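Below is one structure; the comments refer to it alone.
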Amino acid sequence: MKVALFVPCYIDQFYPQVAIATLELLEKLKVSVHFPERQTCCGQPMANSGFEHLTQPCNDLFIENFSGYDYIVSPSGSCVLHIKDHLHGNETEAAAIRSRTYELTEFLTDVLQVKQLDATFSHKVGLHQSCHGQRGLKIAQMSELVAPGFSKSESLLKMVRGVELISLNRKDECCGFGGTFCVSEEAVSAKMGKDRVTDHLQHGADYITGSDMSCLMHLEGILKRQKSAVKVVHIAEILNA
Amino acid sequence: MISGKNFEDVNETKEHKSHADLAERFNRDEDRVNWHDKTLWFIREKRDKAAWQLPDWEKLRETASQIKHNVLSNLYDYLLAFEKNAQTNGATVHWASTPEEHNQIVHSIIQKHGVTNIVKSKSMLTEECHMNDYLQARGINVVDTDLGERIVQLAGEPPSHIVLPCIHWKKEEIGELFSEHLGTPKGNADPQFLTAAARQHLREKFMTSKLAITGVNFAVAETGEFVVCTNEGNADLGVQLADVHIACMGIEKIIPQRKHLGVFLRLLARSATGQPITTYSSHFKKPRPGQELHIVLLDNGRSERLGSEDFRNALKCIRCGACFNTCPVYRRSGGHSYHNAVAGPIGSILAPGLDMKHYADLPFASTLCGSCSNVCPVKIDIHDQLYKWRQVIVQQGYAPGGKKIAMQGMTAVLSDPNIFRRAGAFGRWIMRYLPFLVNNPLNPWYKQRNMPEAPAQSFRKWYSKNRKNHG
Amino acid sequence: MDSREKILSQVRKNQPGVAMLPDLNFSSSSDNIAEKFSTVLVNIGGAVLEVSGWDELHASLVTNFTNKRIVTTIPELNQRIGTVDFRQDPHLLENVALAVLPGKFAVAENGAVWITDEMMGDRALPFICENLALVIRKQDILPTLNEAYQQIGMSSYNLGTFIAGPSKTADIEQSLVLGAHGAKSLVVYLMK
């Protein structure tokens with residue numbers, strides 16, 4: 001199995017430990033992982049701002065980097081959703097990449113079918129279900145639908161020794177990051193983030209985790225401003241702990 | 001000190017307050033935002049409970065969506081059938097291309113009967129046409145009879161929500177308003193008491209109005225009848241005590257057959273407020289003996305929207321308001337921040353079709369979280385349409401200039417691995433652009449959030465040291 | 001070209017390719033149907049009373065409305081309550097304290113009762129009266145609106161309405177208040 005690691009640009013630059021944890025976790029599970037070094041960005045920030053027509057160079061570069069792999073795995077639901085929905089160019093290659101790109105927790109659950117993990121993380125953990133992973137990739141059931149519940153992230157976290165998952169008042173409310181929304185609609189974005197943080201704090205979380213570092217970066221910014229001792233941690237770091 | 005040019009800029013922003021500006025103003029009172037958010041979330045929870053009562057909920061949504069799809073694909077025939085059947089039933093059918101024409105038609109009917117006081121039950125369509133202002137300017141006194149609408153009307157405001165028009169008002173404020181306009185004792189803010197006062201005040205209007213206007217929830221092509229849903233009974237009371245009934249509807253309100261009401265009425269109130277059905281669901285077929293019935297069909301861009309594969313699904317909307325209640329942005333920005341008759345997620349995909357320049361900000365007033373599409377009883381792909389409107393708005397040139405240049409620069413860097421690596425090395429070039437500080441010299445991120453700390457090395461640097469030679 | 005032609009030609013030009021209508025097959029259950037109807041109606045502010053005959057029904061009506069104006073369109077009650085000339089101005093019904101009207105059937109899932117204009121006396125009556133009583137046979141309760149519309153079928157009426165509970169509003173801070181503009185109370189009599 002030839003697997004390429006797709007590391008979102010902001011994780012590469014700000015949260016290298018998340019990419020390292022993803023890599024190490026996959027290696028522990030006997031997956032041979034390669035990081036195509038000429039990768040940059042999937043183009044999502046531009047596309048979500050209405051500039052999808054400018055993203056062809058990003059698409060071409062993505063196709064150049066990620067063609068020929070059995071799977072492409074990324075620790076970001078949002079970037080994966082963008083690739084799955086909007087990667088175009090050389091259509092044969094693009095279609096292959098779109099169907100082979102997986103967010104980390106869905107790769108672990110659906111492809112590797114992981115049933116146990118050798119990891120320990122003895123803390124109270126709040127799980128933030130990021131919208132693009134949940135409602136876009138369907139990593140977890142959505143509270144709006146009348147349908148049986150499931151959560152791939154939650155199932156994986158339950159395999160980690162010591163993890164105590166807290167419940168939330170609103171289990172899948174958006175955190176308000178939203179790409180450029182976080183600055184173009186600063187007031188609402190920050191308020192949404194504060195409300196998400198409060199929900200986790202009220203239920204006694206030591207850590208807030210999730211599968212999208214962009215949401216966690218936003219929540220971290222609020223926690224730090226509040227001088228809270230509560231930390232954010234990407235789910236890959238817990239699964240690899 | 002202000003140069004002429006800057007002064008112009010100031011004026012321009014004043015004229016076109018964007019959603020972001022209006023939302024920022026709404027957020028200055030955080031307690032009120034919390035209250036607004038909780039009130040609407042409570043309604044979302046009631047909707048969830050009601051939906052879970054029906055094992056067929058998702059099937060009903062799918063069925064409703066398919067029926068509406070059939071409507072869009074046969075609208076021409078259905079409109080003709082509805083017109084013919086409504087005429088057979090004794091109604092006069094009018095067609096209006098524009099809001100102006102709609103208002104003229106309504107005004108001419110009112111004039112013909114020499115009426116000056118009219119009652120009107122809830123109709124978002126007449127809000128879309130700004131009909132009240134049009135009629136008031138011509139000496140017609142229009143009284144909104146839905147309690148929430150009456151409250152905002154007394155306050156001189158438009159509704160902030162299509163189902164809950166005064167959801168942004170606190171009871172104490174309504175007490176003050178009623179004290180001023182209806183003479184209730186100062187300081188009494190008891191909802192029971194205030195509702196009783198409104199009942200008395202509006203009963204007199206019902207008893208003296210010879211002409212009643214209503215909206216239309218569903219119009220049945222097969223029979224020429226139409227259904228109006230209310231909880232208060234204000235539409236029925238107005239119509240049954242009047243000599244003339246004018247019903248105003250958009251051309252997309254048609255449904256094929258009477259039996260399809262069984263699908264839509266099961267979804268409408270449950271989605272809107274979590275009630276199993278509204279108190280009154282009245283099927284108006286023939287006017288009462290001696291009464292005149294007029295039906296005004298409005299287009300206002302709908303027939304054009306029908307031709308757009310990307311956006312026509314928005315015409316399926318049954319105006320339940322579920323997308324408002326679930327929207328985390330709406331709950332924290334209030335209906336008026338959308339500066340359009342229909343606010344919320346659905347308003348944000350309807351408005352740009354009416355005036356793309358004026359409403360260019362609305363598709364951006366969303367995180368694209370997708371909750372709206374999941375609660376929609378007719379399965380409109382609301383958040384996908386928000387994304388698509390963003391592309392259209394930018395391509396039509398309605399994106400702010402600075403944003404465009406920054407996005408081009410961002411693409412240049414992000415699509416070139418060499419520049420990207422170098423830029424990263426220069427103290428994290430990306431810091432300037434992510435988190436998306438495009439065209440924002442004052443760094444709005446930092447206002448309420450700390451920046452992430454730059455690590456000692458990037459992942460790619462770590463990888464080249466720790467893995468490259470092993471792989 | 002007038003607006004009608006303009007709109008219709010644009011609609012014809014722009015409407016998408018034909019999409020079929022779906023089947024309307026939904027699950028329903030008639031188990032404990034009267035109980036379910038009662039629970040739902042009580043939850044939305046109404047009341048349900050089971051009666052075994054017209055005498056019992058009449059006795060129940062008058063206890064709460066002594067010396068008040070009661071109007072009915074049910075022939076069996078006319079000799080006890082009296083008749084009204086419904087050709088008069090509907091505004092004169094404003095002082096009706098209680099209207100007693102027959103319903104065609106009720107719907108368990110939402111507490112609604114279907115009533116058409118020929119049963120209303122005057123169409124204003126169910127809405128202008130201060131209190132409303134609807135009478136149906138206990139066996140005329142249907143599980144869902146789906147069955148309700150099968151029952152209605154293509155029957156002809158000039159005005160038909162589902163009434164579910166008393167008039168209400170929650171427009172002031174989501175506080176539920178009964179008696180907005182229409183009837184302040186609603187009781188459904190189930191005739192055994």
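In the structure tokens, the first chain shown is A, the next is B, and so on; residue numbers restart at 1 for each chain, and ligands run from 1 in the order shown.
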As JSON, numbers by chain, please: all residues of range 29-156 of chain C that backbone DSSP puts in strand (DSSP E or B).
{"C": [47, 48, 49, 50, 51, 70, 71, 72, 98, 99, 100, 101, 102, 105, 106, 107, 112, 113, 114, 115, 116, 131, 132, 133, 134, 135, 136, 137, 141, 142]}
Show me a table, sorted first by chain and then by increasing residue number, of the residues of chain C having an atom at most 6 Å from chain B, each with its shortest atom pair and the distance in Å to one decimal, counting only C-alpha atoms and written as a Markdown table.
```
| residue | atom | partner | partner_atom | distance |
| --- | --- | --- | --- | --- |
| C:Ser3 | CA | B:Ser97 | CA | 5.6 |
| C:Arg4 | CA | B:Trp95 | CA | 5.2 |
| C:Gln10 | CA | B:Ser303 | CA | 5.9 |
| C:Val11 | CA | B:Ser303 | CA | 5.1 |
| C:Arg12 | CA | B:Tyr76 | CA | 5.4 |
| C:Asn14 | CA | B:Gly307 | CA | 4.2 |
| C:Gln15 | CA | B:Ser73 | CA | 5.1 |
| C:Pro16 | CA | B:Ser73 | CA | 4.9 |
| C:Gly17 | CA | B:Ser73 | CA | 5.7 |
| C:Val18 | CA | B:Ser73 | CA | 5.1 |
| C:Ala19 | CA | B:Asn70 | CA | 4.9 |
| C:Met20 | CA | B:Asn70 | CA | 5.9 |
| C:Leu21 | CA | B:Ile67 | CA | 5.6 |
| C:Asn110 | CA | B:Pro276 | CA | 4.9 |
| C:Ala124 | CA | B:Gln240 | CA | 4.9 |
| C:Phe127 | CA | B:Leu237 | CA | 5.8 |
| C:Leu145 | CA | B:Gly262 | CA | 5.1 |
| C:Asn146 | CA | B:Gly262 | CA | 5.0 |
| C:Tyr149 | CA | B:Lys259 | CA | 5.3 |
| C:Asn158 | CA | B:Lys286 | CA | 4.7 |
| C:Leu159 | CA | B:Phe284 | CA | 5.0 |
| C:Gly160 | CA | B:His283 | CA | 5.0 |
| C:Thr161 | CA | B:Ser282 | CA | 4.2 |
| C:Phe162 | CA | B:Ser281 | CA | 5.1 |
| C:Ile163 | CA | B:Tyr280 | CA | 4.9 |
| C:Ala164 | CA | B:Thr279 | CA | 4.5 |
| C:Gly165 | CA | B:Thr279 | CA | 5.8 |
| C:Ser167 | CA | B:Glu232 | CA | 4.8 |
| C:Lys168 | CA | B:Glu232 | CA | 5.0 |
| C:Thr169 | CA | B:Glu232 | CA | 5.9 |
| C:Asp171 | CA | B:Gly148 | CA | 5.2 |
| C:Ile172 | CA | B:Pro191 | CA | 5.9 |
| C:Val177 | CA | B:Gln192 | CA | 5.8 |
| C:Ala180 | CA | B:Glu232 | CA | 5.1 |
| C:His181 | CA | B:Glu232 | CA | 5.5 |
| C:Gly182 | CA | B:Gly233 | CA | 5.1 |
```
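Distances from B:Trp41, B:Ile162, B:Gly114, B:Lys17 to chain A were compared using only C-alpha atoms, and the smallest one belongs to B:Trp41.
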Near Met249 in chain B, within 8 Å and counting only C-alpha atoms, which residues show up once chain neighbours fewer than 6 positions away are dropped, as an MDAnalysis selection string?
chainID B and resid 125 215:216 295:298
With C-alpha atoms retained, export the selected residues as a PDB file, in the first residue's frame.
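Ended up saving to part.pdb:
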```pdb
ATOM      1  CA  LEU B 125     -43.941  38.286  -0.228  1.00  0.00           C
ATOM      2  CA  GLY B 215     -50.042  35.370   2.057  1.00  0.00           C
ATOM      3  CA  VAL B 216     -50.169  31.861   0.637  1.00  0.00           C
ATOM      4  CA  ILE B 295     -54.958  36.145  -6.202  1.00  0.00           C
ATOM      5  CA  VAL B 296     -51.809  38.043  -7.163  1.00  0.00           C
ATOM      6  CA  LEU B 297     -48.976  35.950  -8.615  1.00  0.00           C
ATOM      7  CA  LEU B 298     -45.544  37.573  -8.408  1.00  0.00           C
TER       8      LEU B 298
END
```
Compute the set of chain B residues within 7 Å of chain A, using only C-alpha atoms, and express it as a VMD selection string.
chain B and resid 20 23 to 24 27 48 51 to 52 57 to 58 328 to 329 332 to 333 367 to 370 374 to 375 387 390 to 391 394 407 411 414 to 415 417 420 424 428 436 to 437 444 to 445 448 to 452 454 to 455 458 to 460
Let's have the selection written as a tab-separated table (two decimals), in the first residue's frame, with N, CA and C atoms.
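Saved the output as selection-v9.tsv:
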```
chain	number	residue	atom	x	y	z
B	20	ALA	N	-21.27	42.14	8.06
B	20	ALA	CA	-20.20	42.11	9.08
B	20	ALA	C	-20.30	43.33	10.00
B	23	ALA	N	-23.47	43.04	12.13
B	23	ALA	CA	-23.30	41.96	13.12
B	23	ALA	C	-22.37	42.41	14.24
B	24	GLU	N	-21.36	43.18	13.87
B	24	GLU	CA	-20.43	43.68	14.88
B	24	GLU	C	-21.19	44.57	15.87
B	27	ASN	N	-23.19	42.58	18.21
B	27	ASN	CA	-22.37	41.86	19.19
B	27	ASN	C	-21.80	42.76	20.30
B	48	ASP	N	-35.98	19.41	16.53
B	48	ASP	CA	-35.36	18.07	16.56
B	48	ASP	C	-36.31	17.06	17.21
B	51	ALA	N	-39.12	16.20	14.93
B	51	ALA	CA	-38.67	15.37	13.80
B	51	ALA	C	-38.50	13.91	14.24
B	52	TRP	N	-37.94	13.72	15.44
B	52	TRP	CA	-37.69	12.36	15.94
B	52	TRP	C	-38.98	11.61	16.26
B	57	TRP	N	-39.28	10.78	8.95
B	57	TRP	CA	-38.86	12.17	8.76
B	57	TRP	C	-37.98	12.38	7.53
B	58	GLU	N	-36.91	11.61	7.42
B	58	GLU	CA	-35.98	11.84	6.30
B	58	GLU	C	-36.64	11.49	4.97
B	328	PRO	N	-25.65	29.14	13.23
B	328	PRO	CA	-24.89	29.73	14.33
B	328	PRO	C	-24.56	31.20	14.07
B	329	VAL	N	-24.53	31.59	12.81
B	329	VAL	CA	-24.25	32.99	12.47
B	329	VAL	C	-25.50	33.84	12.66
B	332	ARG	N	-26.27	34.65	16.17
B	332	ARG	CA	-25.38	35.61	16.80
B	332	ARG	C	-25.22	36.91	16.02
B	333	SER	N	-26.08	37.12	15.03
B	333	SER	CA	-25.98	38.41	14.34
B	333	SER	C	-27.33	39.09	14.18
B	367	THR	N	-20.20	30.28	7.71
B	367	THR	CA	-18.98	29.47	7.81
B	367	THR	C	-19.07	28.24	6.92
B	368	LEU	N	-20.16	28.12	6.17
B	368	LEU	CA	-20.42	26.94	5.33
B	368	LEU	C	-20.47	25.66	6.17
B	369	CYS	N	-21.02	25.78	7.38
B	369	CYS	CA	-21.03	24.62	8.28
B	369	CYS	C	-22.00	23.55	7.81
B	370	GLY	N	-23.03	23.95	7.06
B	370	GLY	CA	-23.91	22.95	6.44
B	370	GLY	C	-25.12	22.54	7.26
B	374	ASN	N	-29.11	20.55	6.30
B	374	ASN	CA	-29.58	19.35	7.00
B	374	ASN	C	-30.95	19.51	7.63
B	375	VAL	N	-31.31	20.73	8.04
B	375	VAL	CA	-32.64	20.92	8.63
B	375	VAL	C	-33.69	21.25	7.58
B	387	TYR	N	-21.63	28.78	-1.35
B	387	TYR	CA	-20.30	28.65	-1.97
B	387	TYR	C	-20.36	29.09	-3.43
B	390	ARG	N	-20.63	32.80	-3.93
B	390	ARG	CA	-19.35	33.49	-3.73
B	390	ARG	C	-18.55	33.52	-5.03
B	391	GLN	N	-18.55	32.40	-5.74
B	391	GLN	CA	-17.79	32.35	-7.00
B	391	GLN	C	-18.39	33.34	-8.01
B	394	VAL	N	-17.67	37.06	-7.03
B	394	VAL	CA	-16.29	37.45	-7.29
B	394	VAL	C	-16.07	37.61	-8.80
B	407	MET	N	-5.65	37.68	-2.90
B	407	MET	CA	-5.92	36.30	-3.28
B	407	MET	C	-5.02	35.87	-4.43
B	411	THR	N	-2.34	32.92	-4.22
B	411	THR	CA	-2.30	31.80	-5.17
B	411	THR	C	-0.90	31.64	-5.74
B	414	LEU	N	1.18	30.06	-3.03
B	414	LEU	CA	0.76	28.73	-2.61
B	414	LEU	C	0.83	27.71	-3.75
B	415	SER	N	0.95	28.19	-4.97
B	415	SER	CA	1.02	27.21	-6.05
B	415	SER	C	2.45	27.03	-6.56
B	417	PRO	N	6.04	25.71	-5.23
B	417	PRO	CA	6.73	25.09	-4.09
B	417	PRO	C	8.00	25.83	-3.69
B	420	PHE	N	7.07	28.98	-1.89
B	420	PHE	CA	6.43	28.57	-0.64
B	420	PHE	C	7.48	28.22	0.41
B	424	GLY	N	8.24	30.42	3.72
B	424	GLY	CA	8.15	29.80	5.03
B	424	GLY	C	9.38	30.09	5.86
B	428	ARG	N	8.04	32.62	8.53
B	428	ARG	CA	6.67	32.21	8.27
B	428	ARG	C	5.90	33.27	7.47
B	436	PHE	N	-5.57	34.24	7.37
B	436	PHE	CA	-6.36	35.02	6.41
B	436	PHE	C	-6.46	36.51	6.73
B	437	LEU	N	-5.29	37.11	6.87
B	437	LEU	CA	-5.31	38.52	7.25
B	437	LEU	C	-5.36	39.43	6.04
B	444	PRO	N	-7.73	41.66	12.48
B	444	PRO	CA	-8.95	41.33	13.24
B	444	PRO	C	-8.84	40.02	14.02
B	445	TRP	N	-7.94	39.15	13.59
B	445	TRP	CA	-7.78	37.89	14.35
B	445	TRP	C	-7.42	38.20	15.80
B	448	GLN	N	-9.71	39.38	19.48
B	448	GLN	CA	-10.23	38.55	20.58
B	448	GLN	C	-9.53	37.20	20.68
B	449	ARG	N	-8.47	37.00	19.86
B	449	ARG	CA	-7.79	35.71	19.85
B	449	ARG	C	-6.29	35.90	19.78
B	450	ASN	N	-5.53	35.03	20.43
B	450	ASN	CA	-4.08	35.06	20.28
B	450	ASN	C	-3.67	34.36	19.00
B	451	MET	N	-2.51	34.77	18.49
B	451	MET	CA	-1.97	34.12	17.30
B	451	MET	C	-1.32	32.80	17.70
B	452	PRO	N	-1.29	31.83	16.79
B	452	PRO	CA	-0.53	30.62	17.11
B	452	PRO	C	0.96	30.95	17.19
B	454	ALA	N	4.83	30.42	16.45
B	454	ALA	CA	5.59	29.78	15.38
B	454	ALA	C	6.56	28.77	16.00
B	455	PRO	N	6.53	27.52	15.51
B	455	PRO	CA	7.42	26.50	16.05
B	455	PRO	C	8.85	26.67	15.54
B	458	SER	N	9.46	23.87	10.53
B	458	SER	CA	8.25	23.40	9.85
B	458	SER	C	8.31	21.88	9.75
B	459	PHE	N	7.16	21.30	9.37
B	459	PHE	CA	7.13	19.84	9.23
B	459	PHE	C	8.09	19.39	8.14
B	460	ARG	N	8.07	20.12	7.00
B	460	ARG	CA	8.91	19.66	5.88
B	460	ARG	C	10.39	19.67	6.25
```
Could you write out, as a VMD selection string, all the residues of range 1-181 of chain C that DSSP marks as helix (DSSP H, G or I)?
chain C and resid 3 to 14 33 to 43 54 to 64 75 to 81 90 to 95 117 to 119 125 to 128 145 to 152
Residues at most 9 Å from Lys115 in chain A, counting only C-alpha atoms, excluding those fewer than 5 positions away in the same chain, as a PyMOL selection string?
chain A and resi 109+156+159
File dump, residues just selected, N, CA and C atoms, as a short mmCIF file (atom, residue, chain, number, x, y, z; two decimals), in the first residue's frame:
```cif
data_model
loop_
_atom_site.label_atom_id
_atom_site.label_comp_id
_atom_site.auth_asym_id
_atom_site.auth_seq_id
_atom_site.Cartn_x
_atom_site.Cartn_y
_atom_site.Cartn_z
N THR A 109 -10.48 4.21 10.22
CA THR A 109 -11.70 3.44 10.47
C THR A 109 -12.11 2.60 9.26
N LEU A 156 -12.49 5.97 17.78
CA LEU A 156 -11.03 5.86 17.90
C LEU A 156 -10.56 6.34 19.26
N MET A 159 -10.59 3.96 22.04
CA MET A 159 -9.56 2.91 22.05
C MET A 159 -8.32 3.35 22.82
#
```
Which neighbours of Thr144 in chain C fall inside 9 Å, counting only C-alpha atoms, when residues of the same chain fewer than 3 positions from it are skipped, and could you give them as a VMD selection string?
(chain B and resid 262 266) or (chain C and resid 28 to 29 107 to 110 147 to 148)
Selection: 9 Å around Asp70 in chain A, only C-alpha atoms, excl. self and same-chain fewer than 6 positions, as a list in words:
Met1, Lys2, Val3, Ala4, Ile97 and Arg100 of chain A
Just write the chosen residues, N, CA and C atoms, as a compact mmCIF listing (two decimals), in the first residue's frame.
```txt
# COMPACT_ATOMS: atom_id res chain seq x y z
N MET A 1 0.85 -1.20 0.00
CA MET A 1 0.00 0.00 0.00
C MET A 1 0.88 1.25 0.00
N LYS A 2 0.73 2.06 -1.04
CA LYS A 2 1.53 3.29 -1.14
C LYS A 2 0.68 4.48 -0.68
N VAL A 3 1.08 5.06 0.44
CA VAL A 3 0.28 6.14 1.00
C VAL A 3 1.06 7.45 1.00
N ALA A 4 0.41 8.50 0.50
CA ALA A 4 1.04 9.83 0.53
C ALA A 4 0.44 10.64 1.67
N ILE A 97 -7.48 10.87 -7.69
CA ILE A 97 -7.06 11.50 -6.43
C ILE A 97 -8.28 11.80 -5.55
N ARG A 100 -9.37 8.75 -3.80
CA ARG A 100 -8.39 8.09 -2.91
C ARG A 100 -7.96 8.95 -1.74
```
